[in-house]
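Shown next: target-v8.txt, containing compact mmCIF, C-alpha atoms.
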```
# COMPACT_ATOMS: atom_id res chain seq x y z
CA MET A 254 93.79 85.04 171.11
CA SER A 255 90.75 83.53 172.81
CA LYS A 256 88.11 81.35 171.18
CA ASP A 257 85.53 84.11 171.82
CA THR A 258 87.69 86.61 169.92
CA ILE A 259 88.06 84.19 167.03
CA GLY A 260 84.31 83.61 167.04
CA ARG A 261 83.56 87.33 166.97
CA LYS A 262 86.04 87.89 164.13
CA SER A 263 84.59 85.07 162.09
CA HIS A 264 81.07 86.42 162.59
CA LYS A 265 82.23 89.85 161.46
CA GLU A 266 83.90 88.41 158.38
CA ARG A 267 80.79 86.43 157.52
CA THR A 268 78.62 89.50 157.96
CA SER A 269 80.85 91.69 155.77
CA ALA A 270 80.83 89.01 153.06
CA MET A 271 77.02 88.85 152.92
CA PRO A 272 76.46 91.83 150.59
CA ALA A 273 78.95 90.37 148.08
CA ALA A 274 77.18 87.02 148.20
CA GLU A 275 73.80 88.69 147.79
CA GLU A 276 75.15 90.75 144.90
CA SER A 277 76.49 87.59 143.30
CA GLY A 278 73.11 85.90 143.71
CA GLU A 279 71.30 88.89 142.21
CA GLY A 280 73.80 88.96 139.35
CA SER A 281 73.23 85.28 138.66
CA ARG A 282 69.47 85.82 138.63
CA SER A 283 69.87 88.66 136.13
CA VAL A 284 72.01 86.45 133.91
CA ARG A 285 69.42 83.66 134.06
CA ARG A 286 66.65 86.10 133.18
CA ALA A 287 68.64 87.50 130.25
CA ILE A 288 69.22 83.94 128.99
CA ASP A 289 65.49 83.26 129.35
CA ILE A 290 64.74 86.34 127.25
CA LEU A 291 67.06 85.12 124.51
CA GLY A 292 65.50 81.65 124.76
CA LEU A 293 62.00 83.11 124.37
CA MET A 294 63.14 85.06 121.34
CA LEU A 295 64.61 81.89 119.83
CA ALA A 296 61.48 79.85 120.59
CA ARG A 297 59.26 82.47 118.92
CA GLY A 298 61.53 82.59 115.88
CA GLY A 299 60.97 86.31 115.47
CA PRO A 300 60.71 89.65 117.27
CA ILE A 301 59.22 89.76 120.76
CA THR A 302 58.05 92.65 122.91
CA VAL A 303 58.84 93.60 126.49
CA ALA A 304 55.17 92.97 127.32
CA GLN A 305 55.58 89.36 126.16
CA VAL A 306 58.72 89.00 128.26
CA ILE A 307 56.84 90.24 131.34
CA ALA A 308 53.83 88.01 130.72
CA GLU A 309 55.57 84.79 129.73
CA LEU A 310 58.66 84.88 131.95
CA LYS A 311 57.00 86.52 134.97
CA ILE A 312 59.73 89.12 135.21
CA PRO A 313 58.91 92.39 137.03
CA LYS A 314 58.18 95.21 134.60
CA SER A 315 61.05 97.47 135.68
CA THR A 316 63.51 94.57 135.60
CA ALA A 317 62.36 93.45 132.15
CA TYR A 318 62.83 96.92 130.69
CA GLU A 319 66.27 97.23 132.31
CA LEU A 320 67.41 93.82 131.00
CA VAL A 321 66.19 94.54 127.47
CA ARG A 322 67.85 97.96 127.53
CA THR A 323 71.14 96.37 128.62
CA LEU A 324 70.91 93.70 125.90
CA ILE A 325 70.24 96.38 123.26
CA GLU A 326 73.13 98.56 124.45
CA ALA A 327 75.44 95.51 124.25
CA ASP A 328 74.17 94.71 120.70
CA TYR A 329 72.89 91.26 121.70
CA VAL A 330 69.39 92.27 120.61
CA ALA A 331 68.21 95.09 118.37
CA PRO A 332 64.92 96.94 117.94
CA ALA A 333 62.82 95.30 115.22
CA SER A 334 61.35 97.29 112.38
CA LYS A 335 58.04 99.11 112.69
CA GLY A 336 58.16 99.08 116.49
CA THR A 337 57.37 95.37 116.71
CA GLY A 338 59.71 94.67 119.62
CA PHE A 339 63.27 93.40 119.38
CA PHE A 340 65.17 90.52 117.80
CA ILE A 341 68.68 89.16 117.23
CA GLY A 342 71.42 91.79 117.44
CA ARG A 343 74.86 92.00 115.90
CA LYS A 344 76.68 90.25 118.76
CA LEU A 345 74.37 87.22 118.69
CA TYR A 346 74.83 87.01 114.94
CA GLU A 347 78.63 87.14 115.37
CA LEU A 348 78.51 84.45 118.05
CA GLY A 349 76.42 82.27 115.78
CA MET A 350 78.81 82.76 112.89
CA ALA A 351 81.78 81.99 115.16
CA TYR A 352 80.11 78.74 116.25
CA ARG A 353 79.29 77.86 112.65
CA SER A 354 82.87 78.62 111.56
CA HIS A 355 84.23 76.36 114.31
CA VAL A 356 81.97 73.49 113.25
CA ASP A 357 82.74 74.03 109.56
CA LEU A 358 86.45 74.32 110.32
CA LEU A 359 86.50 70.85 111.85
CA ARG A 360 84.50 69.30 109.02
CA ASP A 361 86.00 71.05 106.01
CA GLY A 362 89.41 71.42 107.62
CA ALA A 363 89.69 67.68 108.18
CA GLN A 364 88.81 67.03 104.54
CA ILE A 365 91.34 69.49 103.14
CA ALA A 366 94.03 68.32 105.58
CA GLU A 367 93.51 64.78 104.32
CA GLU A 368 93.68 65.94 100.70
CA LEU A 369 96.92 67.83 101.40
CA ARG A 370 98.39 64.76 103.12
CA ASP A 371 97.48 62.61 100.10
CA GLU A 372 98.97 65.15 97.70
CA THR A 373 102.25 65.65 99.57
CA GLY A 374 102.63 62.40 101.51
CA GLU A 375 103.64 64.49 104.52
CA THR A 376 102.07 64.95 107.95
CA VAL A 377 99.49 67.74 107.92
CA GLN A 378 98.16 69.77 110.85
CA LEU A 379 95.36 72.30 111.19
CA SER A 380 95.88 74.63 114.14
CA VAL A 381 94.05 77.44 115.94
CA LEU A 382 94.91 79.86 118.72
CA ASP A 383 93.69 78.82 122.17
CA ASN A 384 94.35 81.08 125.17
CA GLY A 385 97.48 82.47 123.57
CA LEU A 386 98.88 79.07 122.56
CA MET A 387 98.85 77.20 119.26
CA MET A 388 96.49 74.22 119.51
CA VAL A 389 96.44 71.33 117.04
CA LEU A 390 92.84 70.86 115.92
CA VAL A 391 93.31 68.26 113.17
CA LYS A 392 96.25 66.00 112.33
CA GLU A 393 96.74 63.66 109.37
CA GLU A 394 99.78 61.39 109.63
CA GLY A 395 102.12 61.29 106.65
CA ARG A 396 103.22 58.14 104.88
CA GLY A 397 106.75 58.22 106.25
CA HIS A 398 108.11 57.30 109.65
CA LEU A 399 108.50 60.87 110.87
CA ARG A 400 106.82 61.40 114.23
CA ILE A 401 106.35 64.87 115.68
CA ILE A 402 105.62 66.00 119.23
CA SER A 403 102.19 67.48 118.49
CA ASN A 404 98.96 65.52 118.58
CA VAL A 405 95.35 66.67 118.38
CA GLY A 406 94.71 68.87 121.41
CA THR A 407 98.39 69.66 121.98
CA ARG A 408 99.06 73.30 122.89
CA VAL A 409 102.48 74.88 122.37
CA PRO A 410 103.85 78.43 122.57
CA VAL A 411 103.55 80.36 119.31
CA ASN A 412 107.31 80.93 119.14
CA TRP A 413 107.82 77.20 118.56
CA ALA A 414 105.92 76.87 115.31
CA ALA A 415 105.45 78.44 111.89
CA ALA A 416 101.67 78.15 112.33
CA GLY A 417 101.89 79.84 115.71
CA ARG A 418 103.50 82.92 114.20
CA LEU A 419 100.71 83.19 111.63
CA LEU A 420 97.94 82.74 114.17
CA VAL A 421 98.97 85.91 116.01
CA SER A 422 99.85 87.90 112.89
CA ASP A 423 96.83 90.21 113.24
CA TYR A 424 97.92 91.34 116.70
CA SER A 425 99.44 94.79 117.15
CA ASP A 426 103.06 95.04 118.29
CA ALA A 427 101.92 95.96 121.80
CA GLU A 428 99.56 92.98 121.94
CA LEU A 429 102.31 90.66 120.66
CA LYS A 430 104.80 91.87 123.25
CA SER A 431 102.30 91.30 126.04
CA LEU A 432 101.33 87.84 124.75
CA LEU A 433 104.89 86.68 124.12
CA LYS A 434 106.15 87.83 127.51
CA MET A 435 103.47 85.65 129.13
CA THR A 436 103.73 82.57 126.90
CA ILE A 437 107.20 82.41 125.37
CA ARG A 438 109.10 79.23 126.23
CA GLN A 439 112.17 77.43 124.96
CA SER A 440 111.35 74.56 122.64
CA PRO A 441 112.42 70.92 123.16
CA THR A 442 115.19 71.39 120.58
CA SER A 443 116.34 74.67 122.19
CA ASN A 444 116.36 76.19 118.69
CA ALA A 445 113.25 78.36 118.92
CA THR A 446 114.14 82.02 119.29
CA MET A 447 113.30 83.65 122.61
CA ASN A 448 113.91 87.20 121.38
CA VAL A 449 110.56 89.00 121.34
CA GLU A 450 111.58 91.64 118.80
CA LYS A 451 112.95 88.97 116.46
CA ILE A 452 109.75 86.93 116.75
CA ILE A 453 107.62 89.98 115.94
CA ALA A 454 109.79 90.69 112.89
CA GLN A 455 109.31 87.08 111.74
CA ILE A 456 105.54 87.33 112.29
CA ARG A 457 105.32 90.46 110.13
CA LYS A 458 107.52 88.96 107.39
CA PHE A 459 105.61 85.67 107.26
CA ARG A 460 102.24 87.40 107.04
CA ARG A 461 103.48 89.54 104.12
CA LEU A 462 104.75 86.40 102.35
CA GLY A 463 101.51 84.50 102.94
CA TYR A 464 103.31 81.52 104.45
CA ALA A 465 105.71 80.70 107.29
CA THR A 466 108.56 78.21 107.68
CA GLU A 467 110.70 76.83 110.48
CA LEU A 468 113.38 74.15 110.72
CA ASN A 469 114.38 72.14 113.81
CA GLU A 470 112.70 74.61 116.16
CA ALA A 471 109.94 72.41 117.57
CA ASN A 472 111.03 68.95 116.38
CA GLU A 473 114.44 67.38 115.89
CA HIS A 474 115.38 66.95 112.22
CA ALA A 475 112.06 68.28 110.95
CA GLY A 476 110.81 71.42 109.27
CA CYS A 477 107.37 72.97 108.86
CA ILE A 478 105.61 75.05 106.22
CA SER A 479 102.37 76.78 107.16
CA ALA A 480 99.82 79.08 105.53
CA PRO A 481 97.02 81.16 107.12
CA ILE A 482 93.29 80.44 106.92
CA LEU A 483 91.60 83.82 106.54
CA ASP A 484 88.06 84.93 107.31
CA SER A 485 86.00 87.30 105.14
CA ALA A 486 87.71 90.27 106.81
CA GLY A 487 91.16 88.92 105.95
CA ARG A 488 92.04 87.96 109.51
CA CYS A 489 93.86 84.72 110.30
CA PHE A 490 91.80 82.38 112.49
CA ALA A 491 93.53 79.08 111.69
CA ALA A 492 96.62 77.75 109.92
CA ILE A 493 97.36 74.63 107.91
CA SER A 494 100.85 73.10 107.90
CA VAL A 495 102.95 70.28 106.51
CA VAL A 496 105.77 68.80 108.58
CA ILE A 497 108.66 67.27 106.66
CA PRO A 498 111.97 65.55 107.50
CA GLU A 499 115.02 67.79 107.53
CA GLN A 500 116.66 65.91 104.64
CA ARG A 501 113.74 66.81 102.35
CA PHE A 502 113.69 70.45 103.43
CA ASN A 503 115.61 71.54 100.32
CA LYS A 504 114.93 74.42 97.96
CA VAL A 505 113.06 72.43 95.32
CA THR A 506 110.85 70.47 97.73
CA ARG A 507 110.22 73.54 99.87
CA LYS A 508 109.03 75.55 96.84
CA ARG A 509 106.64 72.79 95.80
CA LEU A 510 105.25 72.35 99.31
CA ILE A 511 104.79 76.09 99.83
CA ALA A 512 102.57 76.18 96.75
CA SER A 513 100.58 73.14 97.93
CA VAL A 514 100.06 74.49 101.44
CA MET A 515 99.06 77.94 100.20
CA ASN A 516 96.59 76.41 97.75
CA ALA A 517 95.05 74.30 100.53
CA ALA A 518 94.80 77.35 102.80
CA GLU A 519 93.15 79.41 100.07
CA LYS A 520 90.67 76.62 99.36
CA LEU A 521 89.70 76.34 103.03
CA SER A 522 89.50 80.13 103.39
CA ARG A 523 87.07 80.30 100.46
CA ARG A 524 84.88 77.54 101.90
CA LEU A 525 84.68 79.22 105.28
CA GLY A 526 84.72 82.84 104.13
```
Render the structure in this file as structure tokens.
Amino acid sequence: MSKDTIGRKSHKERTSAMPAAEESGEGSRSVRRAIDILGLMLARGGPITVAQVIAELKIPKSTAYELVRTLIEADYVAPASKGTGFFIGRKLYELGMAYRSHVDLLRDGAQIAEELRDETGETVQLSVLDNGLMMVLVKEEGRGHLRIISNVGTRVPVNWAAAGRLLVSDYSDAELKSLLKMTIRQSPTSNATMNVEKIIAQIRKFRRLGYATELNEANEHAGCISAPILDSAGRCFAAISVVIPEQRFNKVTRKRLIASVMNAAEKLSRRLG
């Protein structure tokens, strides 16, 4: 193939790519304008009109109406009462509440995790779901010498941990099968089950019980007891756990710790709910 042929092919490829690039640029401009509209609404602290959007943001009239219509259809803004324009919609409210819950979860979760550690003397973790994996958000070290593999920021497959099973307990069976097929891994101890149907059965059982347990699945010679943190709709969005040495994972100690962990989870759920 000659250099001229290569040059012509490259020019053709560049030319065919131009509409996509232009579309991307136009899309980015629309996103920026939509963000500006939301920013104007926030700055005003109340409903705004399309006329104000056009005047203050210098957005073409047809574009302004189209952007506002799209935002309304997506529930990010909603028509205000008495025809006074539009203001915060359901989706923005939900995003704000999600942000607030995340901030409150770190603050209140850290406090309750510390209280649970002081009460039990065991290592306590607060975990959330992050891209299909269990992520440790808060960790309070116990008084003993037990050291576990997870630290703050650690992400592990949900089939490794009691908390992981709770964090996905609101998923449908179809959603669980899809998630597990993508994320399931064998644990460092090789004791975590890899059977998807068995994991789903455990998830359903643990959610009914209101707590989950595992022994020697993620850590050698250690067990875990976890309880779900529930939002106002009863959905699990976090889990609190205690990790204990295998030799203390007996019936009496387990019963006491289950009660402590469930109480801590209920307390945190009430604060955040």
Exercise for review: For range 363-378 of chain A, list every protein, DNA or RNA residue within 7 Å, evaluated using all atoms listed in the file, and leave out those in the same chain fewer than 3 positions away; present the list as a ChimeraX atom specification.
Suggested key: /A:359-360,389,391-396,493-497,517
Review point. Which residue, A:Leu358, A:Ile437, A:Leu419, A:Ala465, has the smallest gap to Leu390 in chain A when you use only C-alpha atoms?
Key: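 Of A:Leu358, A:Ile437, A:Leu419, A:Ala465, the one nearest Leu390 in chain A is A:Leu358, counting only C-alpha atoms.
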Review point. CA of Ser334 in chain A and CA of Arg286 in chain A, how far apart in Å?
Key: 24.2 Å
Practice item. Please measure the separation of CA of Arg501 in chain A and CA of Met515 in chain A, giving the value in Å to one decimal. Key: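 Distance reported for this atom pair: 18.5 Å.
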**Study point:** Computed interatomic separation between CA of Ser380 in chain A and CA of Ala491 in chain A (Å)
**Key:**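 Pair CA of Ser380 in chain A / CA of Ala491 in chain A returns 5.6 Å.
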Exercise for review: Kindly indicate which residue among A:Val505, A:Ile482, A:Ile511, A:Ala414 lies nearest to Asn469 in chain A, using all atoms listed in the file for the distances.
Suggested key: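 Of the candidates, the smallest distance to Asn469 in chain A is held by A:Ala414.
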Review point. Hey, what's within 8 Å of range 340-348 of chain A if we count only C-alpha atoms and toss same-chain stuff fewer than 3 positions away? As a ChimeraX atom specification, please?
Key: /A:294,299-301,325,327-333,351-352
Point to revise | Selection: 7 Å around range 439-456 of chain A, all atoms listed in the file, excl. self and same-chain fewer than 6 positions, as a ChimeraX atom specification | key: /A:412-413,418-419,422,430,433,469-473
Rebuild range 299-323 of chain A so that it carries N, CA and C atoms, then output the result as an mmCIF file, in the frame of the given file.
```
data_model
loop_
_atom_site.group_PDB
_atom_site.id
_atom_site.type_symbol
_atom_site.label_atom_id
_atom_site.label_comp_id
_atom_site.auth_asym_id
_atom_site.auth_seq_id
_atom_site.Cartn_x
_atom_site.Cartn_y
_atom_site.Cartn_z
ATOM 1 N N GLY A 299 61.158 84.976 116.011
ATOM 2 C CA GLY A 299 60.970 86.310 115.470
ATOM 3 C C GLY A 299 60.958 87.339 116.587
ATOM 4 N N PRO A 300 60.683 88.589 116.270
ATOM 5 C CA PRO A 300 60.710 89.650 117.270
ATOM 6 C C PRO A 300 59.716 89.403 118.413
ATOM 7 N N ILE A 301 60.110 89.811 119.607
ATOM 8 C CA ILE A 301 59.220 89.760 120.760
ATOM 9 C C ILE A 301 59.184 91.134 121.415
ATOM 10 N N THR A 302 58.188 91.358 122.241
ATOM 11 C CA THR A 302 58.050 92.650 122.910
ATOM 12 C C THR A 302 58.356 92.501 124.395
ATOM 13 N N VAL A 303 58.608 93.620 125.045
ATOM 14 C CA VAL A 303 58.840 93.600 126.490
ATOM 15 C C VAL A 303 57.599 93.096 127.209
ATOM 16 N N ALA A 304 56.415 93.435 126.698
ATOM 17 C CA ALA A 304 55.170 92.970 127.320
ATOM 18 C C ALA A 304 55.099 91.442 127.301
ATOM 19 N N GLN A 305 55.560 90.822 126.226
ATOM 20 C CA GLN A 305 55.580 89.360 126.160
ATOM 21 C C GLN A 305 56.589 88.774 127.146
ATOM 22 N N VAL A 306 57.714 89.441 127.291
ATOM 23 C CA VAL A 306 58.720 89.000 128.260
ATOM 24 C C VAL A 306 58.129 89.017 129.663
ATOM 25 N N ILE A 307 57.436 90.099 130.000
ATOM 26 C CA ILE A 307 56.840 90.240 131.340
ATOM 27 C C ILE A 307 55.780 89.169 131.564
ATOM 28 N N ALA A 308 54.948 88.951 130.565
ATOM 29 C CA ALA A 308 53.830 88.010 130.720
ATOM 30 C C ALA A 308 54.299 86.561 130.751
ATOM 31 N N GLU A 309 55.202 86.199 129.867
ATOM 32 C CA GLU A 309 55.570 84.790 129.730
ATOM 33 C C GLU A 309 56.672 84.357 130.691
ATOM 34 N N LEU A 310 57.554 85.253 131.069
ATOM 35 C CA LEU A 310 58.660 84.880 131.950
ATOM 36 C C LEU A 310 58.441 85.339 133.391
ATOM 37 N N LYS A 311 57.335 86.048 133.618
ATOM 38 C CA LYS A 311 57.000 86.520 134.970
ATOM 39 C C LYS A 311 58.116 87.370 135.569
ATOM 40 N N ILE A 312 58.671 88.226 134.759
ATOM 41 C CA ILE A 312 59.730 89.120 135.210
ATOM 42 C C ILE A 312 59.107 90.473 135.550
ATOM 43 N N PRO A 313 59.461 91.070 136.681
ATOM 44 C CA PRO A 313 58.910 92.390 137.030
ATOM 45 C C PRO A 313 59.131 93.390 135.901
ATOM 46 N N LYS A 314 58.164 94.271 135.721
ATOM 47 C CA LYS A 314 58.180 95.210 134.600
ATOM 48 C C LYS A 314 59.464 96.032 134.548
ATOM 49 N N SER A 315 59.847 96.619 135.671
ATOM 50 C CA SER A 315 61.050 97.470 135.680
ATOM 51 C C SER A 315 62.296 96.658 135.348
ATOM 52 N N THR A 316 62.355 95.436 135.875
ATOM 53 C CA THR A 316 63.510 94.570 135.600
ATOM 54 C C THR A 316 63.561 94.177 134.134
ATOM 55 N N ALA A 317 62.422 93.851 133.565
ATOM 56 C CA ALA A 317 62.360 93.450 132.150
ATOM 57 C C ALA A 317 62.858 94.576 131.249
ATOM 58 N N TYR A 318 62.383 95.793 131.512
ATOM 59 C CA TYR A 318 62.830 96.920 130.690
ATOM 60 C C TYR A 318 64.336 97.160 130.843
ATOM 61 N N GLU A 319 64.841 97.027 132.060
ATOM 62 C CA GLU A 319 66.270 97.230 132.310
ATOM 63 C C GLU A 319 67.107 96.169 131.595
ATOM 64 N N LEU A 320 66.672 94.902 131.659
ATOM 65 C CA LEU A 320 67.410 93.820 131.000
ATOM 66 C C LEU A 320 67.420 93.997 129.485
ATOM 67 N N VAL A 321 66.266 94.347 128.922
ATOM 68 C CA VAL A 321 66.190 94.540 127.470
ATOM 69 C C VAL A 321 67.051 95.731 127.053
ATOM 70 N N ARG A 322 67.012 96.795 127.840
ATOM 71 C CA ARG A 322 67.850 97.960 127.530
ATOM 72 C C ARG A 322 69.320 97.587 127.533
ATOM 73 N N THR A 323 69.740 96.798 128.526
ATOM 74 C CA THR A 323 71.140 96.370 128.620
ATOM 75 C C THR A 323 71.533 95.499 127.425
#
```
